[in-house]
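Inspection log for the structure reproduced underneath, given as structure tokens.
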Amino acid sequence: MIMYGGVMLDNTLVFDIETVPDIDAGIRLYGLDDLPPAQVVKAMQAIRREKTGGSDFLPLYLHRVVAISIGLRTREEFRIWSLGDEKSTEQELVQRFFTGIERYDPVLVSWNGTGFDLPVLHYRSLLQNVSARGYWEVGDKDREYRWNNYLNRFHWRHIDLMDVLAAFQMRGRAPLDEIAVMLGFPGKLGMSGGKVWESWLDGGIDDIRNYCETDVLNTFLVYLHFEKMRGLLDEAAFSTEKQRLIEFLEAADQGHLQEFL
């Protein structure tokens, strides 16, 4: 969390994940051993439509994590990257995420992290034998976490911007892309969550990781507006943070970051 008038109180970690259907779990749950992968997913979606009466969006525990992107603001710098590399396993990606929380003890910032990203990471941690002790602390060993932890929806150690700005009401929720564009930021650059599975089938993990990073950038910029709105950034500090981000993007040599700039 950034605070001026002297001191920045906390590291800030903005994050986003991208997922594809968990084919292995679908096979085990629904007995789909005799189908090729693409047909397994179609069968999983058909089963989901039957259960929901129309939606084929899979339950959160059937989402396999293929990318996690991070924007980290420390006292010294802001930087953005995707965890692991193109060949990293899901276990490695998820473990790195929670190890980072242990290391930096940050304020987490997300867009719909409460409704999607974190529950998915919970289920995948369970499946992949991931250790996340610091994240799950609620005050049993560290009293500070009793009143401000990552799990309580109304605490500030995790700020789900979509949830907070909607006043914790479903009818107030909005897409990140539209809020980012409304504020004058790029929003999505050709990719969307609905295209991730197709891109994955085509071997487009690089495109998925790049897309995830631009979502983090949009989220961070919305977060700066939020911090200014609630009085934790004055106009000078707000401009400084935006300029710091611009300088980071100017120095980056990745095409998607240059396009975002």
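Ordered as shown in the structure tokens, chains take letters A, B, and onward, while each chain numbers its residues from 1 and ligands are numbered from 1 in the order shown.
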
Long-range neighbours of Trp197 (chain A) as a list in words, 12 Å cut-off, only C-alpha atoms, 3 positions minimum in chain: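 Here the answer would be Glu18, Thr19, Val20, Pro21, Asp22, Ile23, Pro37, Ala38, Val41, Lys42, His63, Arg64, Val65, Val66, Met191, Ser192, Gly193, Gly194, Trp200, Leu201, Asp202, Gly203, Gly204, Ile205, Asp207 and Ile208 of chain A.
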
Just write the chosen residues, C-alpha atoms, as a CSV table (one decimal), in the first residue's frame.
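Saved result, again_30.csv, follows:
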chain,number,residue,atom,x,y,z
A,18,GLU,CA,-5.0,-17.1,-16.4
A,19,THR,CA,-6.5,-20.6,-16.5
A,20,VAL,CA,-7.5,-23.4,-18.9
A,21,PRO,CA,-9.8,-26.4,-18.2
A,22,ASP,CA,-8.3,-29.1,-16.0
A,23,ILE,CA,-8.6,-32.0,-18.4
A,37,PRO,CA,-8.5,-33.5,-24.8
A,38,ALA,CA,-10.6,-31.0,-26.9
A,41,VAL,CA,-13.5,-30.0,-22.5
A,42,LYS,CA,-16.6,-29.9,-24.6
A,63,HIS,CA,-9.6,-24.3,-13.7
A,64,ARG,CA,-5.9,-25.2,-14.2
A,65,VAL,CA,-3.5,-22.2,-13.7
A,66,VAL,CA,-1.2,-21.6,-16.7
A,191,MET,CA,-6.8,-10.8,-26.1
A,192,SER,CA,-9.5,-11.7,-23.6
A,193,GLY,CA,-10.1,-14.3,-21.0
A,194,GLY,CA,-12.5,-16.1,-23.4
A,200,TRP,CA,-3.4,-22.5,-25.3
A,201,LEU,CA,-4.4,-25.1,-27.8
A,202,ASP,CA,-2.4,-23.3,-30.4
A,203,GLY,CA,0.7,-23.2,-28.2
A,204,GLY,CA,0.3,-19.5,-27.4
A,205,ILE,CA,1.5,-19.5,-23.8
A,207,ASP,CA,0.6,-14.5,-25.7
A,208,ILE,CA,-1.3,-15.7,-22.6

I'd like the neighbourhood of Gly134 (chain A) as a PDB file with all heavy atoms, in the first residue's frame, where a residue qualifies if any of its atoms comes within 8 Å (using only C-alpha atoms), though same-chain residues fewer than 4 positions away should be ignored.
ATOM      1  N   PHE A  98       2.695 -17.951  -3.668  1.00  0.00           N
ATOM      2  CA  PHE A  98       2.542 -17.914  -2.219  1.00  0.00           C
ATOM      3  C   PHE A  98       3.878 -17.725  -1.501  1.00  0.00           C
ATOM      4  O   PHE A  98       3.919 -17.124  -0.422  1.00  0.00           O
ATOM      5  CB  PHE A  98       1.817 -19.173  -1.734  1.00  0.00           C
ATOM      6  CG  PHE A  98       0.354 -19.154  -2.052  1.00  0.00           C
ATOM      7  CD1 PHE A  98      -0.175 -20.023  -3.003  1.00  0.00           C
ATOM      8  CD2 PHE A  98      -0.500 -18.260  -1.429  1.00  0.00           C
ATOM      9  CE1 PHE A  98      -1.523 -20.003  -3.303  1.00  0.00           C
ATOM     10  CE2 PHE A  98      -1.847 -18.230  -1.729  1.00  0.00           C
ATOM     11  CZ  PHE A  98      -2.372 -19.106  -2.667  1.00  0.00           C
ATOM     12  N   ILE A 101       4.368 -14.022  -1.386  1.00  0.00           N
ATOM     13  CA  ILE A 101       3.598 -13.398  -0.302  1.00  0.00           C
ATOM     14  C   ILE A 101       4.348 -13.554   1.012  1.00  0.00           C
ATOM     15  O   ILE A 101       4.427 -12.614   1.828  1.00  0.00           O
ATOM     16  CB  ILE A 101       2.199 -14.024  -0.224  1.00  0.00           C
ATOM     17  CG1 ILE A 101       1.376 -13.633  -1.462  1.00  0.00           C
ATOM     18  CG2 ILE A 101       1.468 -13.587   1.050  1.00  0.00           C
ATOM     19  CD1 ILE A 101       0.022 -14.281  -1.539  1.00  0.00           C
ATOM     20  N   GLU A 102       4.901 -14.724   1.242  1.00  0.00           N
ATOM     21  CA  GLU A 102       5.673 -14.979   2.456  1.00  0.00           C
ATOM     22  C   GLU A 102       6.882 -14.037   2.529  1.00  0.00           C
ATOM     23  O   GLU A 102       7.218 -13.522   3.603  1.00  0.00           O
ATOM     24  CB  GLU A 102       6.157 -16.436   2.450  1.00  0.00           C
ATOM     25  CG  GLU A 102       6.642 -16.942   3.791  1.00  0.00           C
ATOM     26  CD  GLU A 102       5.508 -17.516   4.626  1.00  0.00           C
ATOM     27  OE1 GLU A 102       4.586 -18.132   4.051  1.00  0.00           O
ATOM     28  OE2 GLU A 102       5.549 -17.335   5.841  1.00  0.00           O
TER      29      GLU A 102
END

Given only C-alpha atoms as the basis, pick out the residue of A:Thr74, A:Ser125, A:Ser88, A:Ser131 nearest to Leu13 (chain A).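 Going through A:Thr74, A:Ser125, A:Ser88, A:Ser131 one by one, the smallest distance to Leu13 (chain A) is for A:Thr74.
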
Skipping near chain neighbours, those fewer than 6 positions away, what residues fall within 12 Å of Gly187 (chain A) using only C-alpha atoms, listed as number ranges by chain? A: 175-181, 211-222, 259-261

Option closest in space to Ala132 (chain A), from A:Tyr150, A:Phe185, A:Tyr145, A:Phe78 [counting only C-alpha atoms]: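 Checking each candidate against Ala132 (chain A), we get A:Tyr150 as the closest.
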
Residues at most 8 Å from Val109 (chain A), counting only C-alpha atoms, excluding those fewer than 6 positions away in the same chain, as a VMD selection string? chain A and resid 12 to 15 158 to 161 219 to 220 223

Go ahead and write the selection's residues with all heavy atoms as a JSON list (two decimals), in the first residue's frame.
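Below you can see again-v3.json, which holds the result:
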[["chain", "number", "residue", "atom", "x", "y", "z"],
["A", 12, "THR", "N", 3.35, -3.51, -2.26],
["A", 12, "THR", "CA", 2.07, -3.73, -2.95],
["A", 12, "THR", "C", 2.29, -4.72, -4.08],
["A", 12, "THR", "O", 3.19, -4.54, -4.90],
["A", 12, "THR", "CB", 1.52, -2.41, -3.51],
["A", 12, "THR", "OG1", 1.36, -1.47, -2.45],
["A", 12, "THR", "CG2", 0.18, -2.63, -4.19],
["A", 13, "LEU", "N", 1.47, -5.77, -4.11],
["A", 13, "LEU", "CA", 1.60, -6.81, -5.12],
["A", 13, "LEU", "C", 0.28, -6.94, -5.87],
["A", 13, "LEU", "O", -0.72, -7.39, -5.31],
["A", 13, "LEU", "CB", 2.00, -8.14, -4.47],
["A", 13, "LEU", "CG", 2.46, -9.27, -5.39],
["A", 13, "LEU", "CD1", 3.35, -10.25, -4.61],
["A", 13, "LEU", "CD2", 1.29, -10.04, -5.98],
["A", 14, "VAL", "N", 0.28, -6.50, -7.11],
["A", 14, "VAL", "CA", -0.90, -6.59, -7.98],
["A", 14, "VAL", "C", -0.76, -7.88, -8.78],
["A", 14, "VAL", "O", 0.32, -8.18, -9.31],
["A", 14, "VAL", "CB", -0.99, -5.39, -8.93],
["A", 14, "VAL", "CG1", -2.29, -5.41, -9.71],
["A", 14, "VAL", "CG2", -0.84, -4.08, -8.15],
["A", 15, "PHE", "N", -1.83, -8.66, -8.87],
["A", 15, "PHE", "CA", -1.69, -9.96, -9.53],
["A", 15, "PHE", "C", -2.91, -10.31, -10.37],
["A", 15, "PHE", "O", -4.01, -9.77, -10.18],
["A", 15, "PHE", "CB", -1.46, -11.07, -8.49],
["A", 15, "PHE", "CG", -2.68, -11.42, -7.67],
["A", 15, "PHE", "CD1", -3.44, -12.54, -7.99],
["A", 15, "PHE", "CD2", -3.06, -10.64, -6.59],
["A", 15, "PHE", "CE1", -4.56, -12.88, -7.24],
["A", 15, "PHE", "CE2", -4.18, -10.98, -5.83],
["A", 15, "PHE", "CZ", -4.93, -12.09, -6.16],
["A", 158, "HIS", "N", -5.86, -7.64, 1.43],
["A", 158, "HIS", "CA", -6.17, -7.93, 0.03],
["A", 158, "HIS", "C", -7.26, -6.97, -0.41],
["A", 158, "HIS", "O", -8.36, -6.95, 0.17],
["A", 158, "HIS", "CB", -6.64, -9.37, -0.18],
["A", 158, "HIS", "CG", -7.20, -9.59, -1.56],
["A", 158, "HIS", "ND1", -8.36, -10.29, -1.80],
["A", 158, "HIS", "CD2", -6.77, -9.17, -2.79],
["A", 158, "HIS", "CE1", -8.62, -10.31, -3.09],
["A", 158, "HIS", "NE2", -7.68, -9.64, -3.71],
["A", 159, "ILE", "N", -6.97, -6.18, -1.44],
["A", 159, "ILE", "CA", -7.95, -5.22, -1.98],
["A", 159, "ILE", "C", -8.41, -5.73, -3.33],
["A", 159, "ILE", "O", -7.68, -5.67, -4.33],
["A", 159, "ILE", "CB", -7.33, -3.81, -2.12],
["A", 159, "ILE", "CG1", -6.83, -3.30, -0.77],
["A", 159, "ILE", "CG2", -8.37, -2.84, -2.72],
["A", 159, "ILE", "CD1", -6.07, -2.00, -0.86],
["A", 160, "ASP", "N", -9.60, -6.28, -3.36],
["A", 160, "ASP", "CA", -10.24, -6.67, -4.62],
["A", 160, "ASP", "C", -10.96, -5.43, -5.12],
["A", 160, "ASP", "O", -12.05, -5.09, -4.65],
["A", 160, "ASP", "CB", -11.21, -7.82, -4.37],
["A", 160, "ASP", "CG", -11.94, -8.27, -5.63],
["A", 160, "ASP", "OD1", -11.94, -7.52, -6.63],
["A", 160, "ASP", "OD2", -12.53, -9.36, -5.62],
["A", 161, "LEU", "N", -10.35, -4.74, -6.06],
["A", 161, "LEU", "CA", -10.89, -3.46, -6.51],
["A", 161, "LEU", "C", -12.30, -3.59, -7.06],
["A", 161, "LEU", "O", -13.14, -2.71, -6.84],
["A", 161, "LEU", "CB", -9.96, -2.85, -7.57],
["A", 161, "LEU", "CG", -8.63, -2.30, -7.06],
["A", 161, "LEU", "CD1", -7.69, -2.03, -8.23],
["A", 161, "LEU", "CD2", -8.84, -1.06, -6.23],
["A", 219, "THR", "N", -4.87, -3.02, -13.86],
["A", 219, "THR", "CA", -5.30, -3.08, -12.47],
["A", 219, "THR", "C", -4.49, -2.13, -11.61],
["A", 219, "THR", "O", -5.04, -1.42, -10.75],
["A", 219, "THR", "CB", -5.17, -4.52, -11.93],
["A", 219, "THR", "OG1", -5.94, -5.40, -12.74],
["A", 219, "THR", "CG2", -5.66, -4.62, -10.49],
["A", 220, "PHE", "N", -3.18, -2.08, -11.82],
["A", 220, "PHE", "CA", -2.33, -1.19, -11.04],
["A", 220, "PHE", "C", -2.72, 0.27, -11.25],
["A", 220, "PHE", "O", -2.78, 1.07, -10.30],
["A", 220, "PHE", "CB", -0.86, -1.40, -11.39],
["A", 220, "PHE", "CG", 0.07, -0.51, -10.62],
["A", 220, "PHE", "CD1", 0.25, -0.67, -9.25],
["A", 220, "PHE", "CD2", 0.79, 0.49, -11.26],
["A", 220, "PHE", "CE1", 1.12, 0.15, -8.54],
["A", 220, "PHE", "CE2", 1.65, 1.32, -10.55],
["A", 220, "PHE", "CZ", 1.82, 1.14, -9.18],
["A", 223, "TYR", "N", -5.81, 1.02, -9.47],
["A", 223, "TYR", "CA", -5.46, 1.07, -8.04],
["A", 223, "TYR", "C", -4.90, 2.44, -7.66],
["A", 223, "TYR", "O", -5.23, 2.98, -6.60],
["A", 223, "TYR", "CB", -4.46, -0.04, -7.72],
["A", 223, "TYR", "CG", -3.87, 0.02, -6.35],
["A", 223, "TYR", "CD1", -4.65, -0.21, -5.22],
["A", 223, "TYR", "CD2", -2.51, 0.30, -6.17],
["A", 223, "TYR", "CE1", -4.09, -0.17, -3.94],
["A", 223, "TYR", "CE2", -1.95, 0.34, -4.90],
["A", 223, "TYR", "CZ", -2.74, 0.11, -3.80],
["A", 223, "TYR", "OH", -2.20, 0.16, -2.54]]

Selection near Tyr30 (chain A), 8 Å with only C-alpha atoms, sequence-local residues under 3 positions removed, as a PDB file with C-alpha atoms, in the first residue's frame:
ATOM      1  CA  GLY A  26     -12.468 -33.753 -15.870  1.00  0.00           C
ATOM      2  CA  ILE A  27     -11.484 -37.256 -16.959  1.00  0.00           C
ATOM      3  CA  MET A  44     -17.136 -30.886 -19.308  1.00  0.00           C
TER       4      MET A  44
END

Identify all residues of region 181-235 of chain A in helix (DSSP H, G or I) (DSSP on the backbone) and supply them as a VMD selection string. chain A and resid 181 to 182 193 to 201 205 to 229 235

Would you mind exporting N, CA, C and O atoms of the selected residues as a compact mmCIF listing (two decimals), in the first residue's frame?
# COMPACT_ATOMS: atom_id res chain seq x y z
N VAL A 181 -10.48 1.58 -19.59
CA VAL A 181 -10.67 2.45 -20.75
C VAL A 181 -11.39 3.74 -20.35
O VAL A 181 -11.06 4.83 -20.83
N MET A 182 -12.36 3.63 -19.45
CA MET A 182 -13.06 4.81 -18.96
C MET A 182 -12.09 5.82 -18.35
O MET A 182 -12.26 7.04 -18.48
N GLY A 193 -10.08 -13.07 -21.72
CA GLY A 193 -10.14 -14.33 -21.00
C GLY A 193 -10.80 -15.43 -21.81
O GLY A 193 -10.43 -16.61 -21.70
N GLY A 194 -11.78 -15.06 -22.63
CA GLY A 194 -12.49 -16.05 -23.42
C GLY A 194 -11.65 -16.67 -24.54
O GLY A 194 -12.04 -17.69 -25.12
N LYS A 195 -10.49 -16.07 -24.84
CA LYS A 195 -9.64 -16.58 -25.92
C LYS A 195 -8.46 -17.38 -25.39
O LYS A 195 -7.64 -17.87 -26.18
N VAL A 196 -8.33 -17.48 -24.07
CA VAL A 196 -7.15 -18.12 -23.50
C VAL A 196 -7.07 -19.60 -23.87
O VAL A 196 -6.02 -20.11 -24.22
N TRP A 197 -8.19 -20.32 -23.79
CA TRP A 197 -8.19 -21.75 -24.08
C TRP A 197 -7.79 -22.00 -25.53
O TRP A 197 -6.97 -22.87 -25.82
N GLU A 198 -8.35 -21.23 -26.44
CA GLU A 198 -8.01 -21.37 -27.86
C GLU A 198 -6.53 -21.08 -28.08
O GLU A 198 -5.85 -21.79 -28.83
N SER A 199 -6.02 -20.05 -27.44
CA SER A 199 -4.62 -19.71 -27.57
C SER A 199 -3.73 -20.80 -26.99
O SER A 199 -2.68 -21.14 -27.55
N TRP A 200 -4.18 -21.39 -25.87
CA TRP A 200 -3.42 -22.48 -25.25
C TRP A 200 -3.33 -23.68 -26.20
O TRP A 200 -2.26 -24.29 -26.34
N LEU A 201 -4.43 -24.02 -26.84
CA LEU A 201 -4.43 -25.15 -27.78
C LEU A 201 -3.48 -24.90 -28.95
O LEU A 201 -2.89 -25.83 -29.49
N ILE A 205 1.31 -19.87 -25.22
CA ILE A 205 1.52 -19.53 -23.82
C ILE A 205 2.18 -18.16 -23.66
O ILE A 205 1.89 -17.42 -22.71
N ASP A 206 3.05 -17.78 -24.60
CA ASP A 206 3.66 -16.44 -24.53
C ASP A 206 2.60 -15.35 -24.62
O ASP A 206 2.64 -14.36 -23.88
N ASP A 207 1.65 -15.52 -25.53
CA ASP A 207 0.57 -14.53 -25.67
C ASP A 207 -0.28 -14.48 -24.40
O ASP A 207 -0.73 -13.39 -24.00
N ILE A 208 -0.50 -15.62 -23.79
CA ILE A 208 -1.30 -15.67 -22.57
C ILE A 208 -0.58 -14.94 -21.44
O ILE A 208 -1.19 -14.14 -20.70
N ARG A 209 0.71 -15.17 -21.30
CA ARG A 209 1.49 -14.51 -20.24
C ARG A 209 1.53 -13.00 -20.48
O ARG A 209 1.41 -12.20 -19.55
N ASN A 210 1.69 -12.59 -21.74
CA ASN A 210 1.71 -11.16 -22.06
C ASN A 210 0.37 -10.51 -21.75
O ASN A 210 0.31 -9.40 -21.19
N TYR A 211 -0.70 -11.19 -22.11
CA TYR A 211 -2.05 -10.68 -21.82
C TYR A 211 -2.26 -10.53 -20.32
O TYR A 211 -2.80 -9.52 -19.83
N CYS A 212 -1.80 -11.51 -19.56
CA CYS A 212 -1.94 -11.47 -18.11
C CYS A 212 -1.20 -10.26 -17.54
O CYS A 212 -1.68 -9.58 -16.63
N GLU A 213 -0.03 -9.96 -18.08
CA GLU A 213 0.75 -8.81 -17.60
C GLU A 213 0.04 -7.49 -17.89
O GLU A 213 0.06 -6.57 -17.07
N THR A 214 -0.59 -7.38 -19.06
CA THR A 214 -1.29 -6.12 -19.35
C THR A 214 -2.52 -5.96 -18.46
O THR A 214 -2.88 -4.83 -18.10
N ASP A 215 -3.16 -7.05 -18.08
CA ASP A 215 -4.25 -6.95 -17.11
C ASP A 215 -3.74 -6.45 -15.77
O ASP A 215 -4.40 -5.66 -15.08
N VAL A 216 -2.54 -6.88 -15.38
CA VAL A 216 -1.94 -6.39 -14.14
C VAL A 216 -1.66 -4.89 -14.24
O VAL A 216 -1.91 -4.14 -13.30
N LEU A 217 -1.17 -4.45 -15.40
CA LEU A 217 -0.91 -3.02 -15.58
C LEU A 217 -2.19 -2.21 -15.48
O LEU A 217 -2.22 -1.16 -14.82
N ASN A 218 -3.25 -2.66 -16.13
CA ASN A 218 -4.53 -1.96 -16.01
C ASN A 218 -5.00 -1.90 -14.56
O ASN A 218 -5.47 -0.87 -14.08
N THR A 219 -4.87 -3.02 -13.86
CA THR A 219 -5.30 -3.08 -12.47
C THR A 219 -4.49 -2.13 -11.61
O THR A 219 -5.04 -1.42 -10.75
N PHE A 220 -3.18 -2.08 -11.82
CA PHE A 220 -2.33 -1.19 -11.04
C PHE A 220 -2.72 0.27 -11.25
O PHE A 220 -2.78 1.07 -10.30
N LEU A 221 -3.01 0.64 -12.49
CA LEU A 221 -3.38 2.03 -12.78
C LEU A 221 -4.72 2.39 -12.15
O LEU A 221 -4.90 3.50 -11.62
N VAL A 222 -5.67 1.46 -12.19
CA VAL A 222 -6.94 1.70 -11.49
C VAL A 222 -6.70 1.84 -9.99
O VAL A 222 -7.29 2.69 -9.31
N TYR A 223 -5.81 1.02 -9.47
CA TYR A 223 -5.46 1.07 -8.04
C TYR A 223 -4.90 2.44 -7.66
O TYR A 223 -5.23 2.98 -6.60
N LEU A 224 -4.05 3.02 -8.50
CA LEU A 224 -3.52 4.36 -8.20
C LEU A 224 -4.65 5.38 -8.08
O LEU A 224 -4.64 6.23 -7.18
N HIS A 225 -5.62 5.31 -8.98
CA HIS A 225 -6.78 6.20 -8.88
C HIS A 225 -7.54 5.96 -7.56
O HIS A 225 -8.00 6.90 -6.92
N PHE A 226 -7.66 4.70 -7.19
CA PHE A 226 -8.37 4.35 -5.95
C PHE A 226 -7.63 4.92 -4.74
O PHE A 226 -8.25 5.49 -3.83
N GLU A 227 -6.31 4.78 -4.71
CA GLU A 227 -5.53 5.31 -3.59
C GLU A 227 -5.63 6.83 -3.52
O GLU A 227 -5.67 7.40 -2.42
N LYS A 228 -5.67 7.47 -4.68
CA LYS A 228 -5.85 8.92 -4.69
C LYS A 228 -7.24 9.29 -4.19
O LYS A 228 -7.41 10.22 -3.40
N MET A 229 -8.24 8.54 -4.61
CA MET A 229 -9.62 8.82 -4.21
C MET A 229 -9.79 8.74 -2.70
O MET A 229 -10.48 9.54 -2.09
N GLU A 235 -1.90 14.65 -5.24
CA GLU A 235 -1.71 14.83 -6.68
C GLU A 235 -0.26 14.62 -7.10
O GLU A 235 0.03 13.99 -8.12

Excluding same-chain residues fewer than 3 positions from Asn129 (chain A), what lies within 10 Å of it counting only C-alpha atoms, as a list in words?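 In the requested form, the answer reads Gln91, Val94, Gln95, Arg124, Ser125, Leu126 and Ala132 of chain A.
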
Keeping N, CA, C and O atoms, export the residues of the selection given above as a short mmCIF file (atom, residue, chain, number, x, y, z; two decimals), in the first residue's frame.
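The resulting file, result.cif, is reproduced below:
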data_model
loop_
_atom_site.label_atom_id
_atom_site.label_comp_id
_atom_site.auth_asym_id
_atom_site.auth_seq_id
_atom_site.Cartn_x
_atom_site.Cartn_y
_atom_site.Cartn_z
N GLN A 91 2.21 -26.46 -10.32
CA GLN A 91 2.69 -26.49 -8.94
C GLN A 91 3.75 -25.41 -8.71
O GLN A 91 3.72 -24.70 -7.70
N VAL A 94 2.07 -21.76 -8.76
CA VAL A 94 1.27 -21.45 -7.57
C VAL A 94 2.17 -21.34 -6.33
O VAL A 94 1.99 -20.45 -5.50
N GLN A 95 3.15 -22.24 -6.22
CA GLN A 95 4.06 -22.16 -5.08
C GLN A 95 4.86 -20.86 -5.09
O GLN A 95 5.06 -20.22 -4.05
N ARG A 124 -6.20 -25.16 -6.35
CA ARG A 124 -5.03 -25.69 -7.03
C ARG A 124 -3.91 -25.96 -6.04
O ARG A 124 -3.11 -26.89 -6.22
N SER A 125 -3.81 -25.16 -4.99
CA SER A 125 -2.83 -25.42 -3.94
C SER A 125 -3.13 -26.74 -3.25
O SER A 125 -2.22 -27.52 -2.93
N LEU A 126 -4.40 -26.98 -3.01
CA LEU A 126 -4.82 -28.23 -2.39
C LEU A 126 -4.41 -29.42 -3.26
O LEU A 126 -3.88 -30.43 -2.77
N ALA A 132 1.45 -22.57 1.91
CA ALA A 132 1.13 -21.13 1.90
C ALA A 132 0.80 -20.66 3.31
O ALA A 132 -0.23 -20.03 3.54
#

Residues of region 26-255 of chain A in strand (DSSP E or B) according to DSSP, as an mmCIF file with C-alpha atoms, in the first residue's frame?
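Resulting contents of selection_8.cif:
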data_model
loop_
_atom_site.group_PDB
_atom_site.id
_atom_site.type_symbol
_atom_site.label_atom_id
_atom_site.label_comp_id
_atom_site.auth_asym_id
_atom_site.auth_seq_id
_atom_site.Cartn_x
_atom_site.Cartn_y
_atom_site.Cartn_z
ATOM 1 C CA HIS A 63 -9.551 -24.314 -13.687
ATOM 2 C CA ARG A 64 -5.885 -25.151 -14.193
ATOM 3 C CA VAL A 65 -3.502 -22.224 -13.694
ATOM 4 C CA VAL A 66 -1.195 -21.624 -16.679
ATOM 5 C CA ALA A 67 -0.024 -18.063 -15.961
ATOM 6 C CA ILE A 68 0.369 -15.797 -12.944
ATOM 7 C CA SER A 69 1.556 -12.242 -13.526
ATOM 8 C CA ILE A 70 2.782 -9.905 -10.832
ATOM 9 C CA GLY A 71 3.223 -6.171 -10.510
ATOM 10 C CA LEU A 72 5.351 -5.461 -7.430
ATOM 11 C CA ARG A 73 5.724 -1.972 -5.973
ATOM 12 C CA PHE A 78 7.919 -0.983 -9.599
ATOM 13 C CA ARG A 79 8.362 -3.984 -11.875
ATOM 14 C CA ILE A 80 6.141 -6.495 -13.609
ATOM 15 C CA TRP A 81 6.759 -10.074 -14.694
ATOM 16 C CA SER A 82 5.136 -13.472 -15.093
ATOM 17 C CA VAL A 107 -0.895 -5.736 0.282
ATOM 18 C CA LEU A 108 -2.477 -7.827 -2.493
ATOM 19 C CA VAL A 109 -4.404 -5.967 -5.190
ATOM 20 C CA SER A 110 -6.641 -7.681 -7.725
ATOM 21 C CA HIS A 158 -6.166 -7.929 0.030
ATOM 22 C CA ILE A 159 -7.945 -5.220 -1.977
ATOM 23 C CA ASP A 160 -10.240 -6.670 -4.616
#

Compare A:Gln169, A:Asn148, A:Asn11, A:Thr52 by their minimum atom-to-atom distance to Pro106 (chain A), counting only C-alpha atoms, and give me the closest one.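 The closest residue to Pro106 (chain A) is A:Asn11.
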
By how many Å are CA of Tyr123 (chain A) and CA of Pro59 (chain A) apart? 10.7 Å
